[in-house]
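Structure, as structure tokens:
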Amino acid sequence: MRPKIRVMSYTLVITDTPYEESFERGLPYEKFLLGKKNSSAALELKNFGVTFNQQASIARIEPVHIHAARDHLVLTSPRILDLEMADSEELFAAVKDIFSEMSSAIYRPRAQRWFMEVDSLASLSTVSTQQAEGRNIDHWMPQDTDTPGIARQWRKWQNEIQMIWFDHPVNQRRQSQELLPINSIWISGIGSLADMEPHPLIQQSDIMHSPNDCLAEISQHLGKKHVHNITTEDLNNTLSLLSAKDDSAKDAWGDACQALLEEKISEFLLIDFPEGIERQRVIKKSDFPKTGFLFFKKPTIPTLQEILVA
């Protein structure tokens, strides 16, 4: 007797694709998680356990290294900077007067994670370091939206900080240790908790499966379960958000397809973002190609890569 097909809802979201990167401001999966404004800073600050005005617009500030290429400036990934808390405190002390011009409420829960209440900067359009790193920063710098002059003021503060940090003792020590100097700051994630607009599929799912920190923070904020691993028995009302570069995405694809073949589920939803645009496809057993001869033909599972480029 065939196993009874259970009514299940499983969604697999692939955060990246083989297609050329878009110059749209904001990564597609960030908009899937938080909406067009990508107001991630307030959510991250909340999950650090910091008490703050939850109606205020919060900005994330990251101490970064920007290096010069032949004809442009490039943002280095902050993940390789290895900034110690003591050095972070020393760098902040040197520029605290500049920060006091920006905000009267500043929080520094981590060496490379500073936050501030910035209602005056709330209209700035910013992008995450994840989107800007390794690229010409000209296109990714903060931009004005409805209030002109704010981006110019931000660049003024940023330039002042860069000049103070240029030959700072912290950077002298770092360079003597063959570490990259901290020579600038990056602002992103501006907005309040009320500005968050998670995708309806996030709202509808009970379990969030992903190594992504932002989805973990959203799960906590919404009171949903977050897990790092799943099996075919865990698919019901689960949303997986994974990078195609990670083996976990191939595993999740394989598990979901195997559940189709075993008729544990009748279909599942695959979401990716070709050319930066959300694409939804319902995957069914009947979609799989069949191999074999005549009555012995059996469906075979295509690879995730084959599906993404289809």
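A note on labels: chains of the structure tokens are A, B, ... as shown, every chain counts residues from 1, and ligands are counted from 1 in their shown order.
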ask   = Any idea what's packed within 10 Å of A:Leu261, counting only C-alpha atoms, ignoring anything in its chain fewer than 4 positions away? Could you give it as a list in words?
value =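 Within the cut-off, the hits are Asp255, Ala256, Cys257, Ile265, Ser266, Lys284, Lys285, Ser286, Phe288, Lys298, Pro299, Thr300 and Ile301 of chain A.
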inquiry  = I want to know what sits within 12 Å of A:Arg113, based on only C-alpha atoms, with residues of the same chain fewer than 6 positions away left out; could you give that as JSON, numbers by chain?
reply    = {"A": [41, 42, 44, 45, 48, 59, 60, 61, 62, 63, 64, 78, 79, 83, 84, 85, 88, 89, 92, 106, 107, 129, 185, 186, 187, 188, 189]}
Based on the selection just made, write N, CA and C atoms of those residues as a CSV table (one decimal), in the first residue's frame.
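Contents of result34.csv, freshly written:
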```
chain,number,residue,atom,x,y,z
A,41,ALA,N,18.9,46.8,11.2
A,41,ALA,CA,19.7,47.2,12.3
A,41,ALA,C,18.9,47.1,13.7
A,42,ALA,N,17.7,47.6,13.7
A,42,ALA,CA,16.9,47.6,14.9
A,42,ALA,C,16.7,46.1,15.4
A,44,GLU,N,18.6,43.5,14.7
A,44,GLU,CA,19.9,43.0,15.3
A,44,GLU,C,20.2,43.5,16.6
A,45,LEU,N,20.0,44.8,16.8
A,45,LEU,CA,20.2,45.4,18.2
A,45,LEU,C,19.3,44.8,19.2
A,48,PHE,N,20.6,41.5,20.4
A,48,PHE,CA,21.8,41.6,21.2
A,48,PHE,C,21.4,41.8,22.7
A,59,ALA,N,20.4,52.8,13.1
A,59,ALA,CA,21.4,52.5,12.1
A,59,ALA,C,22.5,51.6,12.6
A,60,ARG,N,23.0,50.7,11.8
A,60,ARG,CA,24.1,49.9,12.1
A,60,ARG,C,25.4,50.6,11.6
A,61,ILE,N,26.4,50.7,12.4
A,61,ILE,CA,27.7,51.2,12.0
A,61,ILE,C,28.7,50.1,12.1
A,62,GLU,N,29.5,49.9,11.1
A,62,GLU,CA,30.5,48.9,11.1
A,62,GLU,C,31.9,49.5,10.8
A,63,PRO,N,32.9,49.4,11.7
A,63,PRO,CA,34.2,49.8,11.4
A,63,PRO,C,34.8,48.9,10.3
A,64,VAL,N,35.3,49.5,9.2
A,64,VAL,CA,35.7,48.7,8.0
A,64,VAL,C,37.0,49.1,7.5
A,78,PRO,N,34.2,42.8,6.2
A,78,PRO,CA,34.5,43.0,7.6
A,78,PRO,C,34.8,41.7,8.3
A,79,ARG,N,34.4,40.6,7.8
A,79,ARG,CA,34.6,39.3,8.5
A,79,ARG,C,36.1,39.0,8.6
A,83,LEU,N,38.8,42.5,14.6
A,83,LEU,CA,38.9,43.7,15.5
A,83,LEU,C,38.6,43.3,16.9
A,84,GLU,N,39.5,43.6,17.8
A,84,GLU,CA,39.3,43.3,19.3
A,84,GLU,C,38.5,44.4,19.9
A,85,MET,N,37.8,44.1,21.0
A,85,MET,CA,36.9,45.0,21.7
A,85,MET,C,37.7,46.2,22.2
A,88,SER,N,38.5,48.5,19.4
A,88,SER,CA,37.2,49.1,19.0
A,88,SER,C,36.9,50.3,19.9
A,89,GLU,N,37.1,50.1,21.2
A,89,GLU,CA,36.8,51.1,22.2
A,89,GLU,C,37.7,52.3,22.0
A,92,PHE,N,36.7,54.2,18.9
A,92,PHE,CA,35.5,55.0,19.1
A,92,PHE,C,35.8,56.3,19.9
A,106,ILE,N,23.9,56.0,21.4
A,106,ILE,CA,24.8,55.1,20.7
A,106,ILE,C,25.0,53.8,21.5
A,107,TYR,N,25.0,52.7,20.8
A,107,TYR,CA,25.2,51.4,21.5
A,107,TYR,C,26.3,50.7,20.8
A,129,THR,N,27.0,45.6,4.1
A,129,THR,CA,28.4,45.3,3.7
A,129,THR,C,28.4,44.0,2.8
A,185,ILE,N,34.1,53.8,8.2
A,185,ILE,CA,32.9,53.2,8.8
A,185,ILE,C,31.8,53.0,7.7
A,186,TRP,N,30.9,52.0,7.9
A,186,TRP,CA,29.9,51.8,6.9
A,186,TRP,C,28.5,51.8,7.6
A,187,ILE,N,27.6,52.5,7.1
A,187,ILE,CA,26.2,52.6,7.7
A,187,ILE,C,25.2,51.7,6.9
A,188,SER,N,24.3,51.1,7.6
A,188,SER,CA,23.3,50.2,6.9
A,188,SER,C,22.2,49.9,7.8
A,189,GLY,N,21.1,49.3,7.2
A,189,GLY,CA,20.0,48.8,8.0
A,189,GLY,C,19.1,49.8,8.6
```
query = With distances taken over only C-alpha atoms, which of A:Thr126, A:Ser210, A:Thr15, A:Gln131 is nearest to A:Lys36?
reply =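 With only C-alpha atoms as the atom set, the closest residue is A:Thr126.
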Could you list, as a PDB file with N, CA and C atoms, in the first residue's frame, every residue within 8 Å of A:Leu269, counting only C-alpha atoms and ignoring same-chain residues fewer than 6 positions away?
```
ATOM      1  N   TYR A  10       6.137  23.134   2.421  1.00  0.00           N
ATOM      2  CA  TYR A  10       7.583  23.325   2.541  1.00  0.00           C
ATOM      3  C   TYR A  10       8.032  24.327   1.489  1.00  0.00           C
ATOM      4  N   THR A  11       8.891  25.246   1.898  1.00  0.00           N
ATOM      5  CA  THR A  11       9.418  26.263   0.992  1.00  0.00           C
ATOM      6  C   THR A  11      10.936  26.262   1.065  1.00  0.00           C
ATOM      7  N   LEU A  12      11.581  26.194  -0.080  1.00  0.00           N
ATOM      8  CA  LEU A  12      13.036  26.273  -0.169  1.00  0.00           C
ATOM      9  C   LEU A  12      13.396  27.561  -0.895  1.00  0.00           C
ATOM     10  N   GLN A 280       8.954  32.134  -8.173  1.00  0.00           N
ATOM     11  CA  GLN A 280       8.377  31.031  -7.411  1.00  0.00           C
ATOM     12  C   GLN A 280       7.979  29.908  -8.364  1.00  0.00           C
ATOM     13  N   ARG A 281       8.382  28.673  -7.994  1.00  0.00           N
ATOM     14  CA  ARG A 281       7.997  27.509  -8.791  1.00  0.00           C
ATOM     15  C   ARG A 281       7.515  26.398  -7.871  1.00  0.00           C
ATOM     16  N   VAL A 282       6.372  25.815  -8.210  1.00  0.00           N
ATOM     17  CA  VAL A 282       5.865  24.656  -7.485  1.00  0.00           C
ATOM     18  C   VAL A 282       6.512  23.413  -8.091  1.00  0.00           C
ATOM     19  N   ILE A 283       7.207  22.649  -7.262  1.00  0.00           N
ATOM     20  CA  ILE A 283       7.906  21.449  -7.720  1.00  0.00           C
ATOM     21  C   ILE A 283       7.059  20.224  -7.390  1.00  0.00           C
TER      22      ILE A 283
END
```
task = Would you mind telling me which residue in A:Ile207, A:Leu121, A:Val13, A:His139 lies nearest to A:Arg152 when using only C-alpha atoms?
result =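 So, comparing all the options, the nearest one is A:Leu121.
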If you run DSSP on the backbone here, which positions in stretch 97-172 of chain A get alpha helix (DSSP H)? Please write them as a PDB file with C-alpha atoms, in the first residue's frame.
```
ATOM      1  CA  ASP A  97      32.631  63.897  19.348  1.00  0.00           C
ATOM      2  CA  ILE A  98      31.714  63.265  15.722  1.00  0.00           C
ATOM      3  CA  PHE A  99      29.275  60.548  16.743  1.00  0.00           C
ATOM      4  CA  SER A 100      27.720  62.893  19.292  1.00  0.00           C
ATOM      5  CA  GLU A 101      26.794  65.151  16.352  1.00  0.00           C
ATOM      6  CA  MET A 102      24.994  62.227  14.732  1.00  0.00           C
ATOM      7  CA  THR A 129      28.372  45.299   3.673  1.00  0.00           C
ATOM      8  CA  GLN A 130      27.426  41.879   2.268  1.00  0.00           C
ATOM      9  CA  GLN A 131      26.265  43.575  -0.928  1.00  0.00           C
ATOM     10  CA  ALA A 132      29.024  46.184  -1.183  1.00  0.00           C
ATOM     11  CA  ILE A 150      21.610  64.025   4.189  1.00  0.00           C
ATOM     12  CA  ALA A 151      23.968  61.786   2.193  1.00  0.00           C
ATOM     13  CA  ARG A 152      26.387  64.707   1.821  1.00  0.00           C
ATOM     14  CA  GLN A 153      26.338  65.267   5.583  1.00  0.00           C
ATOM     15  CA  TRP A 154      27.002  61.575   6.184  1.00  0.00           C
ATOM     16  CA  ARG A 155      30.002  61.637   3.847  1.00  0.00           C
ATOM     17  CA  LYS A 156      31.341  64.667   5.730  1.00  0.00           C
ATOM     18  CA  TRP A 157      31.218  62.758   9.034  1.00  0.00           C
ATOM     19  CA  GLN A 158      32.704  59.690   7.382  1.00  0.00           C
ATOM     20  CA  ASN A 159      35.605  61.701   5.940  1.00  0.00           C
ATOM     21  CA  GLU A 160      36.338  63.301   9.315  1.00  0.00           C
ATOM     22  CA  ILE A 161      36.509  59.863  10.938  1.00  0.00           C
ATOM     23  CA  GLN A 162      38.770  58.573   8.173  1.00  0.00           C
ATOM     24  CA  MET A 163      41.239  61.403   8.742  1.00  0.00           C
ATOM     25  CA  ILE A 164      41.381  60.797  12.501  1.00  0.00           C
ATOM     26  CA  TRP A 165      41.861  57.056  12.093  1.00  0.00           C
ATOM     27  CA  PRO A 169      47.840  54.080  17.273  1.00  0.00           C
ATOM     28  CA  VAL A 170      45.401  51.172  16.879  1.00  0.00           C
ATOM     29  CA  ASN A 171      46.090  51.094  13.162  1.00  0.00           C
ATOM     30  CA  GLN A 172      49.811  51.449  13.694  1.00  0.00           C
TER      31      GLN A 172
END
```
inquiry  = Considering only C-alpha atoms, can you say which of A:Leu34, A:Leu124, A:Val309, A:Leu73 comes closest to A:Leu215?
reply    = A:Leu34
A:Arg279 environment, 10 Å, only C-alpha atoms, sequence neighbours closer than 6 positions dropped, as a PyMOL selection string = chain A and resi 13+270-273
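Between atom CA of A:Asp144 and atom CA of A:Gly276 lies a distance of 22.3 Å.
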task = For A:Gly254, work out the shell of residues within 10 Å, counting only C-alpha atoms and skipping chain neighbours fewer than 2 positions away, then give it as a list in words.
result =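 Near A:Gly254, the qualifying residues are Thr232, Ser248, Ala249, Lys250, Asp251, Ala252, Ala256, Cys257, Gln258, Ala259, Leu260, Ile301, Pro302, Thr303 and Leu304 of chain A.
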Produce a file of the selected residues containing N, CA and C atoms, as an mmCIF file, in the first residue's frame.
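As written to disk, part.cif reads:
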```cif
data_model
loop_
_atom_site.group_PDB
_atom_site.id
_atom_site.type_symbol
_atom_site.label_atom_id
_atom_site.label_comp_id
_atom_site.auth_asym_id
_atom_site.auth_seq_id
_atom_site.Cartn_x
_atom_site.Cartn_y
_atom_site.Cartn_z
ATOM 1 N N THR A 232 13.747 14.811 6.169
ATOM 2 C CA THR A 232 12.479 14.719 5.440
ATOM 3 C C THR A 232 11.282 14.716 6.381
ATOM 4 N N SER A 248 24.364 22.443 2.284
ATOM 5 C CA SER A 248 23.060 22.306 2.939
ATOM 6 C C SER A 248 21.911 22.576 1.976
ATOM 7 N N ALA A 249 22.132 23.433 0.976
ATOM 8 C CA ALA A 249 21.083 23.694 -0.015
ATOM 9 C C ALA A 249 20.849 22.459 -0.877
ATOM 10 N N LYS A 250 21.936 21.818 -1.291
ATOM 11 C CA LYS A 250 21.805 20.583 -2.083
ATOM 12 C C LYS A 250 21.122 19.492 -1.257
ATOM 13 N N ASP A 251 21.464 19.437 0.044
ATOM 14 C CA ASP A 251 20.846 18.437 0.920
ATOM 15 C C ASP A 251 19.347 18.694 1.072
ATOM 16 N N ALA A 252 18.981 19.970 1.278
ATOM 17 C CA ALA A 252 17.565 20.307 1.447
ATOM 18 C C ALA A 252 16.784 20.007 0.171
ATOM 19 N N ALA A 256 13.786 17.208 -0.028
ATOM 20 C CA ALA A 256 12.436 17.557 -0.476
ATOM 21 C C ALA A 256 12.034 16.718 -1.687
ATOM 22 N N CYS A 257 12.968 16.525 -2.612
ATOM 23 C CA CYS A 257 12.666 15.709 -3.795
ATOM 24 C C CYS A 257 12.434 14.247 -3.420
ATOM 25 N N GLN A 258 13.212 13.749 -2.465
ATOM 26 C CA GLN A 258 13.026 12.372 -2.015
ATOM 27 C C GLN A 258 11.661 12.196 -1.363
ATOM 28 N N ALA A 259 11.232 13.216 -0.623
ATOM 29 C CA ALA A 259 9.901 13.168 -0.010
ATOM 30 C C ALA A 259 8.815 13.129 -1.082
ATOM 31 N N LEU A 260 9.056 13.801 -2.214
ATOM 32 C CA LEU A 260 8.113 13.721 -3.335
ATOM 33 C C LEU A 260 8.065 12.303 -3.900
ATOM 34 N N ILE A 301 15.892 12.539 -9.942
ATOM 35 C CA ILE A 301 15.949 13.874 -9.337
ATOM 36 C C ILE A 301 16.999 14.716 -10.056
ATOM 37 N N PRO A 302 16.606 15.843 -10.653
ATOM 38 C CA PRO A 302 17.604 16.739 -11.240
ATOM 39 C C PRO A 302 18.404 17.420 -10.130
ATOM 40 N N THR A 303 19.585 17.886 -10.464
ATOM 41 C CA THR A 303 20.376 18.597 -9.460
ATOM 42 C C THR A 303 19.789 19.979 -9.228
ATOM 43 N N LEU A 304 20.091 20.542 -8.085
ATOM 44 C CA LEU A 304 19.632 21.896 -7.787
ATOM 45 C C LEU A 304 20.173 22.876 -8.823
#
```
Minimum-distance residue to A:Ala244, chosen among A:Leu27, A:Val74, A:Ile307, A:Leu180 (using only C-alpha atoms) = A:Ile307
message = Which of stretch 61-252 of chain A end up as strand (DSSP E) when DSSP is run on this backbone - answer as a PyMOL selection string?
response = chain A and resi 61-64+66-68+73-75+106-110+113-117+184-191+207-209+225-227+238-242
Residues of the last selection are to be written out with N, CA and C atoms, as a JSON list (two decimals), in the first residue's frame.
```json
[["chain", "number", "residue", "atom", "x", "y", "z"],
["A", 61, "ILE", "N", 26.40, 50.67, 12.41],
["A", 61, "ILE", "CA", 27.68, 51.22, 12.00],
["A", 61, "ILE", "C", 28.74, 50.14, 12.14],
["A", 62, "GLU", "N", 29.47, 49.88, 11.07],
["A", 62, "GLU", "CA", 30.54, 48.88, 11.11],
["A", 62, "GLU", "C", 31.89, 49.53, 10.82],
["A", 63, "PRO", "N", 32.86, 49.39, 11.72],
["A", 63, "PRO", "CA", 34.23, 49.81, 11.41],
["A", 63, "PRO", "C", 34.76, 48.91, 10.28],
["A", 64, "VAL", "N", 35.29, 49.51, 9.22],
["A", 64, "VAL", "CA", 35.66, 48.73, 8.04],
["A", 64, "VAL", "C", 37.03, 49.15, 7.50],
["A", 66, "ILE", "N", 38.62, 50.10, 3.78],
["A", 66, "ILE", "CA", 38.41, 50.40, 2.37],
["A", 66, "ILE", "C", 39.77, 50.56, 1.71],
["A", 67, "HIS", "N", 39.99, 49.84, 0.62],
["A", 67, "HIS", "CA", 41.30, 49.95, -0.04],
["A", 67, "HIS", "C", 41.14, 50.50, -1.45],
["A", 68, "ALA", "N", 42.22, 51.07, -1.93],
["A", 68, "ALA", "CA", 42.21, 51.70, -3.25],
["A", 68, "ALA", "C", 42.61, 50.70, -4.32],
["A", 73, "LEU", "N", 37.57, 52.82, -5.21],
["A", 73, "LEU", "CA", 37.72, 52.31, -3.84],
["A", 73, "LEU", "C", 36.87, 51.05, -3.66],
["A", 74, "VAL", "N", 37.40, 50.11, -2.88],
["A", 74, "VAL", "CA", 36.74, 48.81, -2.70],
["A", 74, "VAL", "C", 36.59, 48.53, -1.21],
["A", 75, "LEU", "N", 35.41, 48.07, -0.82],
["A", 75, "LEU", "CA", 35.15, 47.69, 0.57],
["A", 75, "LEU", "C", 35.61, 46.26, 0.81],
["A", 106, "ILE", "N", 23.86, 55.99, 21.44],
["A", 106, "ILE", "CA", 24.78, 55.13, 20.70],
["A", 106, "ILE", "C", 25.00, 53.85, 21.50],
["A", 107, "TYR", "N", 24.99, 52.72, 20.82],
["A", 107, "TYR", "CA", 25.15, 51.41, 21.48],
["A", 107, "TYR", "C", 26.27, 50.65, 20.76],
["A", 108, "ARG", "N", 27.16, 50.03, 21.55],
["A", 108, "ARG", "CA", 28.28, 49.29, 20.96],
["A", 108, "ARG", "C", 28.40, 47.91, 21.62],
["A", 109, "PRO", "N", 27.46, 47.02, 21.31],
["A", 109, "PRO", "CA", 27.46, 45.71, 21.97],
["A", 109, "PRO", "C", 28.56, 44.77, 21.50],
["A", 110, "ARG", "N", 29.13, 45.03, 20.32],
["A", 110, "ARG", "CA", 30.20, 44.19, 19.78],
["A", 110, "ARG", "C", 31.28, 45.09, 19.17],
["A", 113, "ARG", "N", 30.17, 45.95, 15.74],
["A", 113, "ARG", "CA", 28.76, 46.25, 15.61],
["A", 113, "ARG", "C", 28.42, 47.42, 16.51],
["A", 114, "TRP", "N", 28.29, 48.59, 15.91],
["A", 114, "TRP", "CA", 27.84, 49.78, 16.63],
["A", 114, "TRP", "C", 26.47, 50.16, 16.08],
["A", 115, "PHE", "N", 25.65, 50.75, 16.93],
["A", 115, "PHE", "CA", 24.31, 51.16, 16.53],
["A", 115, "PHE", "C", 24.01, 52.53, 17.10],
["A", 116, "MET", "N", 23.12, 53.26, 16.45],
["A", 116, "MET", "CA", 22.70, 54.55, 17.00],
["A", 116, "MET", "C", 21.29, 54.88, 16.52],
["A", 117, "GLU", "N", 20.58, 55.63, 17.37],
["A", 117, "GLU", "CA", 19.26, 56.12, 17.00],
["A", 117, "GLU", "C", 19.45, 57.33, 16.08],
["A", 184, "SER", "N", 37.69, 53.34, 8.04],
["A", 184, "SER", "CA", 36.43, 53.99, 7.70],
["A", 184, "SER", "C", 35.28, 53.31, 8.45],
["A", 185, "ILE", "N", 34.07, 53.79, 8.21],
["A", 185, "ILE", "CA", 32.86, 53.18, 8.78],
["A", 185, "ILE", "C", 31.85, 52.98, 7.66],
["A", 186, "TRP", "N", 30.93, 52.04, 7.89],
["A", 186, "TRP", "CA", 29.87, 51.75, 6.92],
["A", 186, "TRP", "C", 28.54, 51.77, 7.64],
["A", 187, "ILE", "N", 27.57, 52.46, 7.07],
["A", 187, "ILE", "CA", 26.24, 52.57, 7.68],
["A", 187, "ILE", "C", 25.24, 51.75, 6.86],
["A", 188, "SER", "N", 24.33, 51.06, 7.57],
["A", 188, "SER", "CA", 23.34, 50.23, 6.86],
["A", 188, "SER", "C", 22.17, 49.90, 7.78],
["A", 189, "GLY", "N", 21.14, 49.31, 7.19],
["A", 189, "GLY", "CA", 20.02, 48.75, 7.96],
["A", 189, "GLY", "C", 19.13, 49.75, 8.64],
["A", 190, "ILE", "N", 19.09, 51.00, 8.17],
["A", 190, "ILE", "CA", 18.36, 52.06, 8.89],
["A", 190, "ILE", "C", 16.86, 51.79, 8.90],
["A", 191, "GLY", "N", 16.26, 51.93, 10.07],
["A", 191, "GLY", "CA", 14.82, 51.79, 10.21],
["A", 191, "GLY", "C", 14.44, 51.34, 11.61],
["A", 207, "ILE", "N", 8.49, 26.93, 11.15],
["A", 207, "ILE", "CA", 9.90, 26.64, 11.43],
["A", 207, "ILE", "C", 10.77, 27.33, 10.39],
["A", 208, "MET", "N", 11.82, 28.00, 10.85],
["A", 208, "MET", "CA", 12.79, 28.65, 9.98],
["A", 208, "MET", "C", 14.09, 27.84, 9.99],
["A", 209, "HIS", "N", 14.54, 27.44, 8.82],
["A", 209, "HIS", "CA", 15.75, 26.62, 8.71],
["A", 209, "HIS", "C", 16.79, 27.38, 7.89],
["A", 225, "LYS", "N", 10.22, 28.98, 15.64],
["A", 225, "LYS", "CA", 11.35, 28.08, 15.88],
["A", 225, "LYS", "C", 12.38, 28.24, 14.77],
["A", 226, "HIS", "N", 13.65, 28.27, 15.14],
["A", 226, "HIS", "CA", 14.74, 28.35, 14.17],
["A", 226, "HIS", "C", 15.66, 27.15, 14.35],
["A", 227, "VAL", "N", 16.00, 26.48, 13.24],
["A", 227, "VAL", "CA", 16.87, 25.30, 13.30],
["A", 227, "VAL", "C", 17.96, 25.42, 12.24],
["A", 238, "THR", "N", 7.76, 24.33, 7.12],
["A", 238, "THR", "CA", 9.13, 24.80, 7.29],
["A", 238, "THR", "C", 9.55, 25.63, 6.08],
["A", 239, "LEU", "N", 10.32, 26.67, 6.35],
["A", 239, "LEU", "CA", 10.92, 27.48, 5.29],
["A", 239, "LEU", "C", 12.43, 27.41, 5.44],
["A", 240, "SER", "N", 13.12, 26.96, 4.40],
["A", 240, "SER", "CA", 14.58, 26.91, 4.39],
["A", 240, "SER", "C", 15.11, 28.06, 3.55],
["A", 241, "LEU", "N", 16.08, 28.79, 4.07],
["A", 241, "LEU", "CA", 16.73, 29.87, 3.33],
["A", 241, "LEU", "C", 18.22, 29.57, 3.29],
["A", 242, "LEU", "N", 18.74, 29.24, 2.09],
["A", 242, "LEU", "CA", 20.09, 28.70, 1.97],
["A", 242, "LEU", "C", 20.79, 29.25, 0.74]]
```
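Residue nearest A:Glu197, chosen from A:Gly49, A:Gly35, A:Pro142, A:Pro289 and counting only C-alpha atoms: A:Gly35.
Atom CA of A:Ser103 is positioned 6.1 Å from atom CA of A:Val118.
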ask   = Distance atom CA of A:Leu222-atom CA of A:Ser104, one decimal place?
value =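 Interatomic distance here is 29.1 Å.
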task = Considering only C-alpha atoms, state which residue in the set A:Pro211, A:Lys245, A:Leu91, A:Glu262 is at the smallest distance from A:Asn229.
result = A:Pro211
task = Write out as a VMD selection string the residues lying within 8 Å of A:Leu193, counting only C-alpha atoms and excluding same-chain residues fewer than 6 positions away.
result = chain A and resid 39 42 to 43 54 to 55
Write out, as a CSV table (one decimal), in the first residue's frame, the residues just selected, with C-alpha atoms.
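File out.csv, as written:
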```
chain,number,residue,atom,x,y,z
A,39,SER,CA,15.6,47.8,8.2
A,42,ALA,CA,16.9,47.6,14.9
A,43,LEU,CA,16.2,43.8,14.8
A,54,GLN,CA,11.9,50.6,19.7
A,55,GLN,CA,10.0,53.3,17.9
```
